[in-house]
>>> print(open('run_27.cif').read())   # mmCIF, N, CA and C atoms and all ligand atoms
data_upload
#
loop_
_atom_site.label_atom_id
_atom_site.label_comp_id
_atom_site.auth_asym_id
_atom_site.auth_seq_id
_atom_site.Cartn_x
_atom_site.Cartn_y
_atom_site.Cartn_z
N MET A 1 0.64 31.79 12.84
CA MET A 1 1.63 32.82 13.12
C MET A 1 1.93 32.86 14.62
N THR A 2 3.19 32.91 14.95
CA THR A 2 3.59 33.01 16.34
C THR A 2 3.56 34.46 16.78
N VAL A 3 2.84 34.73 17.84
CA VAL A 3 2.78 36.09 18.35
C VAL A 3 3.62 36.15 19.62
N THR A 4 4.53 37.10 19.63
CA THR A 4 5.40 37.22 20.80
C THR A 4 5.20 38.58 21.44
N THR A 5 5.32 38.62 22.73
CA THR A 5 5.20 39.90 23.43
C THR A 5 6.55 40.32 23.99
N GLU A 6 7.59 39.59 23.59
CA GLU A 6 8.90 39.92 24.15
C GLU A 6 9.33 41.31 23.71
N ARG A 7 10.10 41.92 24.56
CA ARG A 7 10.60 43.25 24.28
C ARG A 7 11.61 43.18 23.13
N VAL A 8 11.45 44.08 22.20
CA VAL A 8 12.38 44.12 21.08
C VAL A 8 13.65 44.84 21.51
N CYS A 9 14.78 44.26 21.17
CA CYS A 9 16.06 44.85 21.55
C CYS A 9 16.59 45.69 20.38
N TRP A 10 16.73 46.97 20.60
CA TRP A 10 17.18 47.87 19.53
C TRP A 10 18.68 48.07 19.68
N THR A 11 19.44 47.18 19.13
CA THR A 11 20.87 47.25 19.35
C THR A 11 21.58 48.09 18.31
N THR A 12 20.98 48.28 17.15
CA THR A 12 21.72 48.96 16.10
C THR A 12 20.94 50.12 15.49
N SER A 13 19.74 49.86 14.98
CA SER A 13 18.99 50.94 14.36
C SER A 13 18.55 51.94 15.43
N PRO A 14 18.78 53.24 15.18
CA PRO A 14 18.36 54.25 16.14
C PRO A 14 16.87 54.56 16.04
N VAL A 15 16.18 53.95 15.11
CA VAL A 15 14.74 54.18 14.99
C VAL A 15 14.04 53.44 16.12
N GLU A 16 13.35 54.21 16.97
CA GLU A 16 12.66 53.63 18.12
C GLU A 16 11.19 53.45 17.79
N PRO A 17 10.52 52.58 18.55
CA PRO A 17 9.09 52.43 18.32
C PRO A 17 8.34 53.75 18.37
N ASP A 18 8.78 54.67 19.24
CA ASP A 18 8.12 55.98 19.31
C ASP A 18 8.22 56.75 17.99
N ASP A 19 9.37 56.58 17.32
CA ASP A 19 9.54 57.25 16.03
C ASP A 19 8.51 56.76 15.03
N VAL A 20 8.20 55.48 15.15
CA VAL A 20 7.25 54.89 14.21
C VAL A 20 5.83 55.25 14.60
N LEU A 21 5.55 55.19 15.90
CA LEU A 21 4.18 55.41 16.36
C LEU A 21 3.73 56.86 16.17
N ARG A 22 4.68 57.80 16.16
CA ARG A 22 4.28 59.20 16.03
C ARG A 22 3.91 59.55 14.58
N LEU A 23 4.26 58.67 13.66
CA LEU A 23 3.91 58.93 12.26
C LEU A 23 2.41 58.78 12.07
N ASP A 24 1.80 59.73 11.38
CA ASP A 24 0.37 59.56 11.10
C ASP A 24 0.11 59.21 9.63
N THR A 25 1.14 59.32 8.82
CA THR A 25 0.97 58.89 7.43
C THR A 25 2.22 58.14 6.99
N VAL A 26 2.03 57.28 6.02
CA VAL A 26 3.18 56.59 5.45
C VAL A 26 3.57 57.30 4.16
N SER A 27 4.82 57.09 3.78
CA SER A 27 5.31 57.66 2.53
C SER A 27 4.47 57.13 1.35
N PRO A 28 4.21 57.97 0.35
CA PRO A 28 3.46 57.50 -0.83
C PRO A 28 4.11 56.27 -1.48
N ARG A 29 5.43 56.17 -1.30
CA ARG A 29 6.15 55.03 -1.88
C ARG A 29 5.64 53.70 -1.31
N TYR A 30 5.11 53.74 -0.08
CA TYR A 30 4.71 52.50 0.60
C TYR A 30 3.21 52.41 0.85
N ALA A 31 2.45 53.36 0.32
CA ALA A 31 1.02 53.44 0.64
C ALA A 31 0.25 52.20 0.20
N ASP A 32 0.75 51.52 -0.82
CA ASP A 32 -0.01 50.38 -1.34
C ASP A 32 0.38 49.05 -0.68
N LEU A 33 1.30 49.09 0.28
CA LEU A 33 1.72 47.84 0.92
C LEU A 33 0.59 47.30 1.80
N ALA A 34 0.39 45.99 1.75
CA ALA A 34 -0.66 45.38 2.57
C ALA A 34 -0.32 45.49 4.05
N ASP A 35 0.96 45.36 4.39
CA ASP A 35 1.39 45.43 5.79
C ASP A 35 1.71 46.89 6.13
N GLN A 36 0.78 47.57 6.79
CA GLN A 36 0.98 48.98 7.08
C GLN A 36 1.97 49.21 8.22
N ARG A 37 2.22 48.18 9.04
CA ARG A 37 3.29 48.30 10.04
C ARG A 37 4.62 48.41 9.33
N LEU A 38 4.79 47.56 8.33
CA LEU A 38 6.01 47.62 7.52
C LEU A 38 6.12 48.98 6.83
N ALA A 39 5.02 49.48 6.31
CA ALA A 39 5.02 50.78 5.63
C ALA A 39 5.46 51.88 6.59
N LEU A 40 5.01 51.81 7.85
CA LEU A 40 5.41 52.81 8.83
C LEU A 40 6.90 52.72 9.16
N TYR A 41 7.40 51.50 9.34
CA TYR A 41 8.83 51.34 9.62
C TYR A 41 9.68 51.80 8.46
N LEU A 42 9.25 51.47 7.25
CA LEU A 42 9.98 51.94 6.07
C LEU A 42 10.03 53.47 6.05
N THR A 43 8.90 54.09 6.32
CA THR A 43 8.83 55.56 6.32
C THR A 43 9.73 56.14 7.40
N ALA A 44 9.69 55.56 8.60
CA ALA A 44 10.50 56.07 9.71
C ALA A 44 11.99 55.90 9.42
N GLU A 45 12.36 54.77 8.83
CA GLU A 45 13.79 54.56 8.55
C GLU A 45 14.26 55.43 7.39
N ASP A 46 13.41 55.67 6.42
CA ASP A 46 13.78 56.61 5.35
C ASP A 46 14.05 58.00 5.94
N GLU A 47 13.15 58.42 6.83
CA GLU A 47 13.32 59.74 7.46
C GLU A 47 14.62 59.80 8.25
N ALA A 48 14.89 58.73 9.00
CA ALA A 48 16.11 58.71 9.82
C ALA A 48 17.36 58.72 8.95
N GLU A 49 17.29 57.99 7.84
CA GLU A 49 18.44 57.96 6.94
C GLU A 49 18.68 59.33 6.32
N ASP A 50 17.60 59.95 5.85
CA ASP A 50 17.72 61.27 5.23
C ASP A 50 18.12 62.32 6.27
N GLY A 51 17.78 62.08 7.54
CA GLY A 51 18.11 63.01 8.61
C GLY A 51 19.46 62.73 9.25
N ARG A 52 20.27 61.90 8.59
CA ARG A 52 21.63 61.61 9.04
C ARG A 52 21.66 60.89 10.38
N ARG A 53 20.63 60.15 10.70
CA ARG A 53 20.63 59.42 11.97
C ARG A 53 20.79 57.92 11.77
N LEU A 54 20.79 57.47 10.53
CA LEU A 54 20.78 56.02 10.28
C LEU A 54 21.59 55.69 9.04
N LEU A 55 22.52 54.75 9.20
CA LEU A 55 23.25 54.24 8.05
C LEU A 55 22.43 53.15 7.37
N PRO A 56 22.48 53.09 6.04
CA PRO A 56 21.69 52.07 5.34
C PRO A 56 21.96 50.65 5.85
N ASP A 57 23.20 50.36 6.20
CA ASP A 57 23.54 49.01 6.66
C ASP A 57 22.90 48.65 8.00
N LEU A 58 22.37 49.66 8.70
CA LEU A 58 21.77 49.39 10.01
C LEU A 58 20.24 49.33 9.95
N ARG A 59 19.69 49.44 8.77
CA ARG A 59 18.23 49.41 8.64
C ARG A 59 17.65 48.04 8.94
N LEU A 60 16.40 48.06 9.40
CA LEU A 60 15.64 46.83 9.61
C LEU A 60 14.67 46.59 8.47
N THR A 61 14.52 47.60 7.62
CA THR A 61 13.66 47.49 6.45
C THR A 61 14.47 47.90 5.23
N CYS A 62 13.99 47.51 4.05
CA CYS A 62 14.73 47.78 2.82
C CYS A 62 13.95 48.73 1.92
N HIS A 63 14.53 49.90 1.70
CA HIS A 63 13.90 50.92 0.83
C HIS A 63 13.70 50.38 -0.58
N THR A 64 14.71 49.69 -1.10
CA THR A 64 14.66 49.25 -2.50
C THR A 64 13.59 48.19 -2.73
N HIS A 65 13.59 47.16 -1.89
CA HIS A 65 12.64 46.05 -2.08
C HIS A 65 11.31 46.28 -1.36
N ARG A 66 11.25 47.30 -0.50
CA ARG A 66 10.05 47.61 0.28
C ARG A 66 9.63 46.42 1.14
N ARG A 67 10.60 45.82 1.81
CA ARG A 67 10.33 44.64 2.63
C ARG A 67 11.10 44.73 3.94
N TRP A 68 10.73 43.85 4.89
CA TRP A 68 11.55 43.69 6.08
C TRP A 68 12.90 43.14 5.63
N LEU A 69 13.95 43.47 6.36
CA LEU A 69 15.29 43.07 5.95
C LEU A 69 15.42 41.55 5.75
N HIS A 70 14.85 40.78 6.68
CA HIS A 70 15.02 39.33 6.59
C HIS A 70 14.36 38.75 5.34
N ASP A 71 13.42 39.49 4.76
CA ASP A 71 12.70 38.99 3.57
C ASP A 71 13.47 39.20 2.27
N CYS A 72 14.46 40.09 2.27
CA CYS A 72 15.16 40.34 1.00
C CYS A 72 16.68 40.33 1.16
N VAL A 73 17.17 39.95 2.35
CA VAL A 73 18.61 39.98 2.59
C VAL A 73 19.35 39.03 1.65
N SER A 74 18.66 38.03 1.13
CA SER A 74 19.31 37.07 0.23
C SER A 74 19.48 37.61 -1.18
N SER A 75 18.90 38.77 -1.46
CA SER A 75 19.06 39.37 -2.79
C SER A 75 20.51 39.77 -3.02
N PRO A 76 21.00 39.63 -4.27
CA PRO A 76 22.37 40.07 -4.59
C PRO A 76 22.58 41.55 -4.28
N LEU A 77 21.50 42.32 -4.24
CA LEU A 77 21.64 43.75 -3.94
C LEU A 77 22.22 43.98 -2.55
N HIS A 78 22.05 43.01 -1.66
CA HIS A 78 22.53 43.18 -0.29
C HIS A 78 23.95 42.66 -0.08
N VAL A 79 24.63 42.35 -1.17
CA VAL A 79 26.05 41.98 -1.10
C VAL A 79 26.87 43.22 -1.43
N ASN A 80 27.86 43.50 -0.58
CA ASN A 80 28.68 44.68 -0.83
C ASN A 80 30.11 44.39 -0.38
N ALA A 81 31.02 44.30 -1.33
CA ALA A 81 32.41 43.99 -1.00
C ALA A 81 33.06 45.12 -0.21
N TRP A 82 32.64 46.32 -0.45
CA TRP A 82 33.24 47.48 0.22
C TRP A 82 32.88 47.51 1.70
N THR A 83 31.59 47.33 2.00
CA THR A 83 31.17 47.37 3.41
C THR A 83 31.27 45.99 4.06
N ARG A 84 31.57 44.96 3.31
CA ARG A 84 31.65 43.57 3.76
C ARG A 84 30.29 43.00 4.13
N SER A 85 29.24 43.65 3.69
CA SER A 85 27.92 43.11 3.97
C SER A 85 27.68 41.88 3.11
N ARG A 86 27.42 40.76 3.77
CA ARG A 86 27.25 39.46 3.09
C ARG A 86 28.45 39.15 2.19
N TRP A 87 29.65 39.43 2.70
CA TRP A 87 30.84 39.26 1.86
C TRP A 87 31.95 38.59 2.67
N CYS A 88 32.57 37.55 2.10
CA CYS A 88 33.75 36.94 2.73
C CYS A 88 34.98 37.52 2.04
N ARG A 89 35.72 38.31 2.77
CA ARG A 89 36.84 39.02 2.16
C ARG A 89 37.96 38.07 1.70
N PRO A 90 38.38 37.10 2.52
CA PRO A 90 39.44 36.20 2.05
C PRO A 90 39.05 35.42 0.79
N CYS A 91 37.80 34.97 0.71
CA CYS A 91 37.35 34.17 -0.44
C CYS A 91 36.87 35.04 -1.59
N GLU A 92 36.61 36.33 -1.29
CA GLU A 92 36.04 37.24 -2.27
C GLU A 92 34.79 36.67 -2.90
N GLN A 93 33.89 36.22 -2.06
CA GLN A 93 32.60 35.75 -2.57
C GLN A 93 31.49 36.01 -1.56
N GLU A 94 30.26 35.86 -2.05
CA GLU A 94 29.08 36.17 -1.25
C GLU A 94 28.90 35.17 -0.12
N LEU A 95 28.44 35.69 1.02
CA LEU A 95 28.00 34.83 2.11
C LEU A 95 26.55 34.43 1.85
N GLU A 96 26.21 33.20 2.20
CA GLU A 96 24.82 32.78 2.14
C GLU A 96 24.15 33.11 3.47
N VAL A 97 22.85 33.37 3.41
CA VAL A 97 22.10 33.69 4.61
C VAL A 97 20.98 32.67 4.78
N ALA A 98 20.89 32.11 5.98
CA ALA A 98 19.81 31.18 6.29
C ALA A 98 18.89 31.84 7.32
N VAL A 99 17.62 31.99 6.95
CA VAL A 99 16.64 32.59 7.85
C VAL A 99 15.68 31.49 8.31
N ASP A 100 15.70 31.22 9.61
CA ASP A 100 14.81 30.20 10.17
C ASP A 100 13.57 30.90 10.72
N HIS A 101 12.48 30.79 10.00
CA HIS A 101 11.25 31.49 10.40
C HIS A 101 10.58 30.84 11.60
N VAL A 102 10.96 29.60 11.91
CA VAL A 102 10.34 28.90 13.02
C VAL A 102 10.93 29.36 14.35
N ASP A 103 12.25 29.31 14.46
CA ASP A 103 12.85 29.72 15.75
C ASP A 103 13.39 31.15 15.72
N GLY A 104 13.24 31.84 14.59
CA GLY A 104 13.61 33.25 14.54
C GLY A 104 15.10 33.51 14.48
N ARG A 105 15.88 32.50 14.12
CA ARG A 105 17.33 32.66 14.08
C ARG A 105 17.81 32.86 12.65
N VAL A 106 18.91 33.62 12.54
CA VAL A 106 19.51 33.91 11.24
C VAL A 106 20.99 33.56 11.32
N ALA A 107 21.52 32.96 10.24
CA ALA A 107 22.94 32.62 10.22
C ALA A 107 23.52 32.95 8.86
N VAL A 108 24.81 33.25 8.84
CA VAL A 108 25.50 33.43 7.57
C VAL A 108 26.57 32.36 7.46
N SER A 109 26.90 32.01 6.21
CA SER A 109 27.99 31.05 6.00
C SER A 109 28.62 31.31 4.64
N CYS A 110 29.90 30.99 4.56
CA CYS A 110 30.63 31.18 3.30
C CYS A 110 30.74 29.83 2.59
N PRO A 111 30.24 29.76 1.34
CA PRO A 111 30.34 28.50 0.61
C PRO A 111 31.78 28.16 0.23
N GLY A 112 32.68 29.15 0.34
CA GLY A 112 34.08 28.90 0.00
C GLY A 112 34.85 28.26 1.14
N CYS A 113 34.95 28.97 2.27
CA CYS A 113 35.76 28.48 3.38
C CYS A 113 34.92 27.87 4.50
N GLY A 114 33.61 28.03 4.40
CA GLY A 114 32.75 27.40 5.40
C GLY A 114 32.59 28.18 6.69
N ARG A 115 33.16 29.36 6.75
CA ARG A 115 33.07 30.13 7.99
C ARG A 115 31.65 30.61 8.25
N GLY A 116 31.37 30.87 9.51
CA GLY A 116 30.12 31.50 9.89
C GLY A 116 30.37 32.97 10.17
N ALA A 117 29.48 33.56 10.99
CA ALA A 117 29.67 34.96 11.35
C ALA A 117 30.96 35.12 12.13
N GLU A 118 31.75 36.17 11.80
CA GLU A 118 33.02 36.33 12.49
C GLU A 118 33.41 37.78 12.72
N ASN A 119 32.76 38.72 12.05
CA ASN A 119 33.13 40.12 12.27
C ASN A 119 31.89 40.94 12.59
N VAL A 120 32.11 42.20 12.93
CA VAL A 120 30.99 43.02 13.41
C VAL A 120 29.94 43.23 12.33
N VAL A 121 30.36 43.28 11.07
CA VAL A 121 29.39 43.45 9.99
C VAL A 121 28.46 42.24 9.91
N ASP A 122 29.04 41.05 10.04
CA ASP A 122 28.22 39.84 10.04
C ASP A 122 27.22 39.86 11.19
N TYR A 123 27.70 40.22 12.38
CA TYR A 123 26.82 40.17 13.55
C TYR A 123 25.74 41.25 13.52
N VAL A 124 26.08 42.41 12.97
CA VAL A 124 25.05 43.45 12.82
C VAL A 124 23.96 42.97 11.86
N LEU A 125 24.38 42.36 10.76
CA LEU A 125 23.40 41.85 9.79
C LEU A 125 22.49 40.81 10.44
N ILE A 126 23.09 39.89 11.19
CA ILE A 126 22.31 38.84 11.84
C ILE A 126 21.35 39.45 12.87
N THR A 127 21.87 40.36 13.69
CA THR A 127 21.02 41.00 14.71
C THR A 127 19.86 41.74 14.07
N ASN A 128 20.13 42.47 13.00
CA ASN A 128 19.07 43.24 12.36
C ASN A 128 18.06 42.34 11.66
N CYS A 129 18.52 41.26 11.07
CA CYS A 129 17.57 40.32 10.45
C CYS A 129 16.69 39.68 11.52
N GLU A 130 17.28 39.30 12.64
CA GLU A 130 16.50 38.67 13.72
C GLU A 130 15.53 39.68 14.32
N THR A 131 15.94 40.94 14.41
CA THR A 131 15.04 41.98 14.92
C THR A 131 13.90 42.23 13.95
N SER A 132 14.20 42.28 12.66
CA SER A 132 13.12 42.51 11.69
C SER A 132 12.15 41.33 11.69
N LEU A 133 12.67 40.13 11.89
CA LEU A 133 11.80 38.95 12.02
C LEU A 133 10.85 39.11 13.20
N ARG A 134 11.39 39.53 14.35
CA ARG A 134 10.56 39.71 15.55
C ARG A 134 9.52 40.80 15.34
N LEU A 135 9.94 41.91 14.72
CA LEU A 135 9.01 43.01 14.48
C LEU A 135 7.86 42.57 13.57
N ALA A 136 8.21 41.82 12.53
CA ALA A 136 7.19 41.40 11.57
C ALA A 136 6.15 40.50 12.24
N ARG A 137 6.57 39.82 13.31
CA ARG A 137 5.66 38.87 13.97
C ARG A 137 5.07 39.41 15.26
N SER A 138 5.47 40.62 15.67
CA SER A 138 5.03 41.14 16.97
C SER A 138 3.66 41.79 16.86
N PRO A 139 2.93 41.77 17.98
CA PRO A 139 1.68 42.53 18.02
C PRO A 139 1.99 44.01 17.88
N TRP A 140 1.03 44.75 17.40
CA TRP A 140 1.24 46.18 17.13
C TRP A 140 0.36 46.99 18.05
N PRO A 141 0.84 48.04 18.68
CA PRO A 141 2.20 48.55 18.56
C PRO A 141 3.21 47.75 19.41
N VAL A 142 4.46 47.86 19.01
CA VAL A 142 5.54 47.27 19.81
C VAL A 142 5.84 48.25 20.94
N LEU A 143 5.75 47.78 22.15
CA LEU A 143 6.00 48.67 23.28
C LEU A 143 7.49 48.80 23.54
N PRO A 144 7.95 50.00 23.87
CA PRO A 144 9.37 50.20 24.13
C PRO A 144 9.78 49.52 25.44
ZN ZN B 1 16.24 44.54 0.05
ZN ZN B 2 35.08 32.39 2.80
#
>>> encode(input="run_27.cif", output="structure tokens")
Amino acid sequence: MTVTTERVCWTTSPVEPDDVLRLDTVSPRYADLADQRLALYLTAEDEAEDGRRLLPDLRLTCHTHRRWLHDCVSSPLHVNAWTRSRWCRPCEQELEVAVDHVDGRVAVSCPGCGRGAENVVDYVLITNCETSLRLARSPWPVLP
């Protein structure tokens, strides 16, 4: 496992490391997860979403799959024609997502027209997947 000490860039999710670190318990929904860092982030993002501070599309973790975003972004559940998440509007089909666990990069592509990331929804998804990748591999706690 690659351990990085680089500073995490919080460009989209308003959940800060402090929000996570101040939690002393995880939600019962995540209590059985082996990765308790993930359980804490899931709990913090659920709280932020319920508290009107976080849109689901900006999460770094997934409530439904109970995973880091990069681990389940390829699921059909993460395709949404309305929000354009993993969606090519001209082709009206799903974008594919490639997650490179070695260099930490994420890319989207359309099997129809061959385009890559081109709009803000695509770039937010890529940024959040790359951030969740970094968080999953970072030493704990992540310093602000
Ligand atoms: Zn998911
Ligand atoms: Zn397309």
>>> residues_around(input="run_27.cif", residues="region 84-86 of chain A", least_positions_apart="6", cutoff="5 Å", atoms="all atoms listed in the file", output="list in words")
His78, Glu94 and Leu95 of chain A
>>> select_by_dssp(input="run_27.cif", residues="chain A", states="alpha helix (DSSP H)", output="VMD selection string")
chain A and resid 17 to 21 36 to 50 69 to 72 120 to 137
>>> residues_near_ligand(input="run_27.cif", ligand="ligand ZN 2 (chain B)", cutoff="6.5 Å", atoms="only N, CA and C atoms and all ligand atoms", output="count of residues only")
12
>>> closest_atom_pairs(input="run_27.cif", of="chain A", to="ligand ZN 1 (chain B)", cutoff="10 Å", atoms="only C-alpha atoms and all ligand atoms", output="tab-separated table")
residue	atom	partner	partner_atom	distance
A:Leu60	CA	B:ZN1	ZN	9.8
A:Thr61	CA	B:ZN1	ZN	7.5
A:Cys62	CA	B:ZN1	ZN	4.5
A:His63	CA	B:ZN1	ZN	6.8
A:Thr64	CA	B:ZN1	ZN	5.6
A:His65	CA	B:ZN1	ZN	4.4
A:Arg66	CA	B:ZN1	ZN	6.9
A:Arg67	CA	B:ZN1	ZN	6.4
A:Trp68	CA	B:ZN1	ZN	7.7
A:Leu69	CA	B:ZN1	ZN	6.2
A:His70	CA	B:ZN1	ZN	8.5
A:Asp71	CA	B:ZN1	ZN	7.5
A:Cys72	CA	B:ZN1	ZN	4.4
A:Val73	CA	B:ZN1	ZN	5.7
A:Ser74	CA	B:ZN1	ZN	8.1
A:Ser75	CA	B:ZN1	ZN	6.5
A:Pro76	CA	B:ZN1	ZN	8.9
A:Leu77	CA	B:ZN1	ZN	6.8
A:His78	CA	B:ZN1	ZN	6.4
>>> residues_around(input="run_27.cif", residues="Asp46 (chain A)", least_positions_apart="3", cutoff="12 Å", atoms="only C-alpha atoms", output="NGL selection string")
:A and (13-15 or 19-20 or 26-27 or 29-30 or 39-43 or 49-56 or 58-64 or 66)
>>> atom_distance(input="run_27.cif", atom1="atom N of Ser138 (chain A)", atom2="atom N of Ser109 (chain A)")
25.0 Å
>>> atom_distance(input="run_27.cif", atom1="atom C of Thr131 (chain A)", atom2="CA of Trp82 (chain A)")
24.3 Å
>>> decode(input="run_27.cif", residues="region 12-31 of chain A", atoms="C-alpha atoms", output="CSV table (one decimal), in the first residue's frame")
chain,number,residue,atom,x,y,z
A,12,THR,CA,-16.1,20.1,-3.5
A,13,SER,CA,-17.3,18.2,-0.4
A,14,PRO,CA,-17.8,20.6,2.5
A,15,VAL,CA,-17.0,17.8,5.0
A,16,GLU,CA,-13.6,18.7,6.6
A,17,PRO,CA,-11.3,16.4,8.4
A,18,ASP,CA,-12.3,18.2,11.6
A,19,ASP,CA,-15.9,17.2,11.0
A,20,VAL,CA,-14.7,13.6,10.8
A,21,LEU,CA,-12.3,13.7,13.7
A,22,ARG,CA,-14.8,15.2,16.1
A,23,LEU,CA,-17.1,12.2,15.7
A,24,ASP,CA,-16.7,9.7,18.6
A,25,THR,CA,-19.1,7.1,17.2
A,26,VAL,CA,-20.0,5.9,13.8
A,27,SER,CA,-23.6,5.4,12.6
A,28,PRO,CA,-25.0,1.9,13.4
A,29,ARG,CA,-25.4,1.5,9.7
A,30,TYR,CA,-21.6,1.4,9.3
A,31,ALA,CA,-20.5,-0.1,12.7
